[in-house]
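What follows is one structure encoded as structure tokens, with my remarks underneath.
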Amino acid sequence: MSPSRVFSALLVLLLLVATPAEAEIEVDVEIVLTGDISMSMDMGELYLQRQGHIQALRHPDVLRAIESGFHRRIAVTYFEWSDPYLQRVVLPWTIIEDAASAEAAAQLIEAAPPLSGIRTSISGAIDRSLQMFAENGFRGTRRVIDISGDGQNNAGRPLAAARADALAEGIVINGLAIMLRARPGGTGEADTLDQYFAEELIGGPGAFMLAVRHPDHLVEAIRRKLVLEIAGLQPEDWPDRTLARAAQLRP
């Protein structure tokens with residue numbers, strides 16, 4: 001992307017990003033989008049995960065979902081995570097309310113240089129999300145943490161503790177289980193990641209997860225997930241019965 005396009009996107013975002021000193025801005029939903037950049041994610045998966053979020057913001061379905069809300073605007077941030085203290089904010093909190101603001105956000109994500117970590121700290125990603133909600137300057141009808149990843153929590157504090165803290169705040173946790181290949185060491189984790197996400201990660205009213213087993217489905221799954229989160233809906237069987245799994249409110 002040319003420097004001029006990046007500069008233009010930043011100018012738009014400066015007008016849309018709230019600061020803690022400002023009065024809270026009402027939005028239909030506050031969404032923390034996250035992307036796994038741990039060592040188990042290969043270059044193809046990293047690229048598709050990033051492209052999924054970029055293309056979702058540019059897609060007419062996402063804009064239509066936003067326009068269907070009461071306030072007709074949402075607040076979104078995106079960070080990439082790995083180790084307990086590695087969470088890089090790629091897109092700061094931003095209002096998305098039309099094609100121009102969505103395009104500016106997509107360009108900012110697209111321009112960010114790649115980064116990779118080592119471990120998989122889902123608990124760290126949830127903890128960082130809670131901090132970001134506390135300081136974002138928005139008031140949404142719903143608050144959602146969106147965890148995209150290809151492995152189980154293996155660093156930082158226990159996932160159950162972080163999850164419980166988020167649910168106590170009334171925050172919904174949704175998940176996207178990336179199950180495109182076997183994990184190193186032959187542990188079989190890739191075969192059960194959807195079950196792990198469904199039982200150990202997601203929670204809150206209307207929480208759901210999508211499991212993706214083919215590269216051709218990943219970009220579309222991210223878009224579909226974002227549309228569902230904006231609209232406050234549940235996933236249908238898409239594109240087959242093995243791909244979508246929903247969960248009810250759980251303690």
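Here, A, B, ... name the chains of the structure tokens in the order displayed, residue numbers run from 1 inside each chain, and ligands are numbered from 1 in the same displayed order.
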Counting only C-alpha atoms, which residues of segment 95-188 of chain A fall within 6 Å of segment 194-215 of chain A, and what is the closest atom pair for each with its distance in Å at one decimal, ordered by chain and rising number, as a Markdown table?
```
| residue | atom | partner | partner_atom | distance |
| --- | --- | --- | --- | --- |
| A:Val172 | CA | A:Gly204 | CA | 4.5 |
| A:Ile173 | CA | A:Ile202 | CA | 4.8 |
| A:Asn174 | CA | A:Ile202 | CA | 5.1 |
| A:Gly175 | CA | A:Met209 | CA | 4.5 |
| A:Leu176 | CA | A:Leu210 | CA | 4.9 |
| A:Ala177 | CA | A:Ala211 | CA | 4.6 |
| A:Ile178 | CA | A:Val212 | CA | 5.3 |
| A:Met179 | CA | A:Arg213 | CA | 4.8 |
| A:Leu180 | CA | A:Arg213 | CA | 4.8 |
```
Polymer residues at most 8 Å from segment 217-233 of chain A, only C-alpha atoms, same-chain spacing of 6 or more positions, as a ChimeraX atom specification: /A:28-29,48-49,51-53,55-57,59,61-62,65-66,68-69,74,144,176,178,206,210
Could you write those residues out with C-alpha atoms, as a PDB file, in the first residue's frame?
```
ATOM      1  CA  ASP A  28     -24.789  -1.062  18.753  1.00  0.00           C
ATOM      2  CA  VAL A  29     -21.920  -3.376  19.688  1.00  0.00           C
ATOM      3  CA  LEU A  48      -5.646 -15.835   5.377  1.00  0.00           C
ATOM      4  CA  GLN A  49      -6.495 -14.784   8.931  1.00  0.00           C
ATOM      5  CA  GLN A  51      -7.116 -11.143   4.852  1.00  0.00           C
ATOM      6  CA  GLY A  52     -10.294 -12.479   6.407  1.00  0.00           C
ATOM      7  CA  HIS A  53     -10.562  -9.456   8.685  1.00  0.00           C
ATOM      8  CA  GLN A  55     -12.072  -8.414   3.419  1.00  0.00           C
ATOM      9  CA  ALA A  56     -14.823  -8.662   6.031  1.00  0.00           C
ATOM     10  CA  LEU A  57     -14.633  -4.941   6.742  1.00  0.00           C
ATOM     11  CA  HIS A  59     -17.823  -6.612   2.406  1.00  0.00           C
ATOM     12  CA  ASP A  61     -22.833  -7.904   4.118  1.00  0.00           C
ATOM     13  CA  VAL A  62     -20.955  -6.324   7.036  1.00  0.00           C
ATOM     14  CA  ALA A  65     -25.502  -5.650   9.238  1.00  0.00           C
ATOM     15  CA  ILE A  66     -24.226  -2.359  10.686  1.00  0.00           C
ATOM     16  CA  SER A  68     -29.617  -2.680  10.485  1.00  0.00           C
ATOM     17  CA  GLY A  69     -28.732  -1.642  14.047  1.00  0.00           C
ATOM     18  CA  ILE A  74     -20.301  -0.202  15.785  1.00  0.00           C
ATOM     19  CA  VAL A 144     -17.951  -9.190  22.250  1.00  0.00           C
ATOM     20  CA  LEU A 176     -13.010 -19.298  15.388  1.00  0.00           C
ATOM     21  CA  ILE A 178      -8.575 -22.822  12.719  1.00  0.00           C
ATOM     22  CA  GLY A 206     -25.712 -16.259  22.388  1.00  0.00           C
ATOM     23  CA  LEU A 210     -17.048 -21.670  13.980  1.00  0.00           C
TER      24      LEU A 210
END
```
Residues of segment 44-157 of chain A in strand (DSSP E), written as a ChimeraX atom specification: /A:74-81,87-96,138-149
Output C-alpha atoms for every residue in the selection just made, as a JSON list (two decimals), in the first residue's frame.
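And here is the file that came out, selection-v7.json:
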```
[["chain", "number", "residue", "atom", "x", "y", "z"],
["A", 74, "ILE", "CA", -20.30, -0.20, 15.78],
["A", 75, "ALA", "CA", -16.97, 0.12, 17.59],
["A", 76, "VAL", "CA", -14.21, -2.28, 16.54],
["A", 77, "THR", "CA", -10.59, -2.91, 17.44],
["A", 78, "TYR", "CA", -8.20, -5.59, 16.17],
["A", 79, "PHE", "CA", -5.07, -6.95, 17.77],
["A", 80, "GLU", "CA", -2.79, -9.90, 17.10],
["A", 81, "TRP", "CA", -1.64, -12.04, 19.98],
["A", 87, "GLN", "CA", -0.70, -8.42, 21.98],
["A", 88, "ARG", "CA", -0.06, -5.88, 19.24],
["A", 89, "VAL", "CA", -2.92, -3.50, 18.46],
["A", 90, "VAL", "CA", -3.19, -3.24, 14.67],
["A", 91, "LEU", "CA", -6.48, -1.31, 14.54],
["A", 92, "PRO", "CA", -7.24, 0.97, 17.52],
["A", 93, "TRP", "CA", -10.83, 1.41, 18.65],
["A", 94, "THR", "CA", -12.68, 2.77, 15.64],
["A", 95, "ILE", "CA", -16.26, 3.62, 14.72],
["A", 96, "ILE", "CA", -17.48, 1.80, 11.62],
["A", 138, "PHE", "CA", -17.84, 3.66, 23.89],
["A", 139, "ARG", "CA", -21.08, 2.28, 25.30],
["A", 140, "GLY", "CA", -22.51, -0.61, 23.33],
["A", 141, "THR", "CA", -25.64, -2.66, 23.83],
["A", 142, "ARG", "CA", -23.37, -5.70, 23.60],
["A", 143, "ARG", "CA", -19.65, -6.33, 24.09],
["A", 144, "VAL", "CA", -17.95, -9.19, 22.25],
["A", 145, "ILE", "CA", -14.47, -10.74, 22.31],
["A", 146, "ASP", "CA", -13.69, -12.63, 19.12],
["A", 147, "ILE", "CA", -10.87, -15.19, 19.52],
["A", 148, "SER", "CA", -9.36, -16.60, 16.32],
["A", 149, "GLY", "CA", -6.72, -19.27, 16.85]]
```
Atom CA of Arg50 of chain A to atom CA of Ile109 of chain A, straight-line distance in Å: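 That distance, rounded to one decimal, is 7.7 Å.
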Secondary structure check, helix (DSSP H, G or I) residues of segment 65-249 of chain A, as a PyMOL selection string: chain A and resi 65-67+99-111+122-134+159-168+189-201+215-231
Could you write out the selected residues, including C-alpha atoms, as a PDB file, in the first residue's frame?
```
ATOM      1  CA  ALA A  65     -25.502  -5.650   9.238  1.00  0.00           C
ATOM      2  CA  ILE A  66     -24.226  -2.359  10.686  1.00  0.00           C
ATOM      3  CA  GLU A  67     -26.996  -0.370   8.991  1.00  0.00           C
ATOM      4  CA  ALA A  99     -18.096   2.355   3.573  1.00  0.00           C
ATOM      5  CA  ALA A 100     -15.490   5.090   4.080  1.00  0.00           C
ATOM      6  CA  SER A 101     -14.839   4.283   7.736  1.00  0.00           C
ATOM      7  CA  ALA A 102     -14.798   0.550   6.988  1.00  0.00           C
ATOM      8  CA  GLU A 103     -12.300   1.044   4.174  1.00  0.00           C
ATOM      9  CA  ALA A 104     -10.050   3.207   6.361  1.00  0.00           C
ATOM     10  CA  ALA A 105     -10.000   0.487   9.026  1.00  0.00           C
ATOM     11  CA  ALA A 106      -9.290  -2.224   6.447  1.00  0.00           C
ATOM     12  CA  GLN A 107      -6.387  -0.214   5.016  1.00  0.00           C
ATOM     13  CA  LEU A 108      -4.810   0.230   8.430  1.00  0.00           C
ATOM     14  CA  ILE A 109      -4.878  -3.528   9.079  1.00  0.00           C
ATOM     15  CA  GLU A 110      -3.547  -4.182   5.583  1.00  0.00           C
ATOM     16  CA  ALA A 111      -0.601  -1.818   6.092  1.00  0.00           C
ATOM     17  CA  ILE A 122      -5.715 -17.235  24.885  1.00  0.00           C
ATOM     18  CA  SER A 123      -6.046 -16.099  28.499  1.00  0.00           C
ATOM     19  CA  GLY A 124      -3.647 -13.240  27.774  1.00  0.00           C
ATOM     20  CA  ALA A 125      -5.740 -12.202  24.770  1.00  0.00           C
ATOM     21  CA  ILE A 126      -8.900 -12.171  26.898  1.00  0.00           C
ATOM     22  CA  ASP A 127      -7.184 -10.181  29.651  1.00  0.00           C
ATOM     23  CA  ARG A 128      -5.984  -7.591  27.143  1.00  0.00           C
ATOM     24  CA  SER A 129      -9.478  -7.388  25.661  1.00  0.00           C
ATOM     25  CA  LEU A 130     -10.941  -6.585  29.082  1.00  0.00           C
ATOM     26  CA  GLN A 131      -8.448  -3.751  29.493  1.00  0.00           C
ATOM     27  CA  MET A 132      -9.384  -2.387  26.083  1.00  0.00           C
ATOM     28  CA  PHE A 133     -13.093  -2.365  26.872  1.00  0.00           C
ATOM     29  CA  ALA A 134     -12.434  -0.412  30.053  1.00  0.00           C
ATOM     30  CA  LEU A 159      -8.066 -19.979  30.489  1.00  0.00           C
ATOM     31  CA  ALA A 160     -10.946 -20.691  32.882  1.00  0.00           C
ATOM     32  CA  ALA A 161      -9.948 -17.764  35.108  1.00  0.00           C
ATOM     33  CA  ALA A 162      -9.717 -15.266  32.246  1.00  0.00           C
ATOM     34  CA  ARG A 163     -12.970 -16.522  30.761  1.00  0.00           C
ATOM     35  CA  ALA A 164     -14.756 -16.196  34.118  1.00  0.00           C
ATOM     36  CA  ASP A 165     -13.585 -12.589  34.477  1.00  0.00           C
ATOM     37  CA  ALA A 166     -14.966 -11.706  31.047  1.00  0.00           C
ATOM     38  CA  LEU A 167     -18.325 -13.393  31.649  1.00  0.00           C
ATOM     39  CA  ALA A 168     -18.636 -11.628  35.019  1.00  0.00           C
ATOM     40  CA  GLU A 189      -5.033 -31.221  19.168  1.00  0.00           C
ATOM     41  CA  ALA A 190      -6.149 -30.111  15.713  1.00  0.00           C
ATOM     42  CA  ASP A 191      -8.816 -32.806  15.676  1.00  0.00           C
ATOM     43  CA  THR A 192     -10.421 -31.595  18.920  1.00  0.00           C
ATOM     44  CA  LEU A 193      -9.881 -27.837  18.850  1.00  0.00           C
ATOM     45  CA  ASP A 194     -13.522 -27.203  17.998  1.00  0.00           C
ATOM     46  CA  GLN A 195     -14.583 -29.162  21.063  1.00  0.00           C
ATOM     47  CA  TYR A 196     -12.066 -27.264  23.203  1.00  0.00           C
ATOM     48  CA  PHE A 197     -13.342 -23.903  21.971  1.00  0.00           C
ATOM     49  CA  ALA A 198     -16.968 -24.944  22.484  1.00  0.00           C
ATOM     50  CA  GLU A 199     -16.425 -26.300  25.998  1.00  0.00           C
ATOM     51  CA  GLU A 200     -13.591 -24.191  27.407  1.00  0.00           C
ATOM     52  CA  LEU A 201     -13.575 -20.867  25.567  1.00  0.00           C
ATOM     53  CA  PRO A 215      -8.228 -22.941   3.682  1.00  0.00           C
ATOM     54  CA  ASP A 216     -10.874 -21.970   1.145  1.00  0.00           C
ATOM     55  CA  HIS A 217     -13.378 -21.432   3.970  1.00  0.00           C
ATOM     56  CA  LEU A 218     -11.316 -19.300   6.360  1.00  0.00           C
ATOM     57  CA  VAL A 219     -11.823 -15.851   4.826  1.00  0.00           C
ATOM     58  CA  GLU A 220     -15.546 -16.441   4.379  1.00  0.00           C
ATOM     59  CA  ALA A 221     -15.882 -17.781   7.932  1.00  0.00           C
ATOM     60  CA  ILE A 222     -14.350 -14.619   9.392  1.00  0.00           C
ATOM     61  CA  ARG A 223     -16.781 -12.477   7.405  1.00  0.00           C
ATOM     62  CA  ARG A 224     -19.738 -14.613   8.425  1.00  0.00           C
ATOM     63  CA  LYS A 225     -18.675 -14.510  12.057  1.00  0.00           C
ATOM     64  CA  LEU A 226     -18.448 -10.726  12.033  1.00  0.00           C
ATOM     65  CA  VAL A 227     -21.880 -10.371  10.437  1.00  0.00           C
ATOM     66  CA  LEU A 228     -23.404 -12.635  13.082  1.00  0.00           C
ATOM     67  CA  GLU A 229     -21.717 -10.700  15.880  1.00  0.00           C
ATOM     68  CA  ILE A 230     -22.876  -7.339  14.572  1.00  0.00           C
ATOM     69  CA  ALA A 231     -26.441  -8.574  14.085  1.00  0.00           C
TER      70      ALA A 231
END
```
Exercise: Leu46 of chain A partners within 10 Å, only C-alpha atoms, chain neighbours under 4 positions left out, as a PyMOL selection string: chain A and resi 35-38+40-42+50-52+114-116
Residues just named, written with C-alpha atoms as a compact mmCIF listing (two decimals), in the first residue's frame:
```txt
# COMPACT_ATOMS: atom_id res chain seq x y z
CA GLY A 35 -5.77 -12.90 15.47
CA ASP A 36 -3.46 -15.70 16.60
CA ILE A 37 0.19 -15.15 15.56
CA SER A 38 1.74 -17.97 17.60
CA SER A 40 1.95 -22.91 15.21
CA MET A 41 0.35 -20.57 12.66
CA ASP A 42 2.15 -20.98 9.32
CA ARG A 50 -5.37 -11.21 8.24
CA GLN A 51 -7.12 -11.14 4.85
CA GLY A 52 -10.29 -12.48 6.41
CA PRO A 114 3.77 -9.04 9.93
CA LEU A 115 4.66 -10.21 13.43
CA SER A 116 5.02 -13.67 14.93
```
d(atom CA of Glu135 of chain A, atom CA of Asn154 of chain A) in Å: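 Computing it gives 27.6 Å between the two atoms.
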Interatomic distance (Å, one decimal) between atom CA of Ala155 of chain A and atom CA of Thr34 of chain A: 16.8 Å
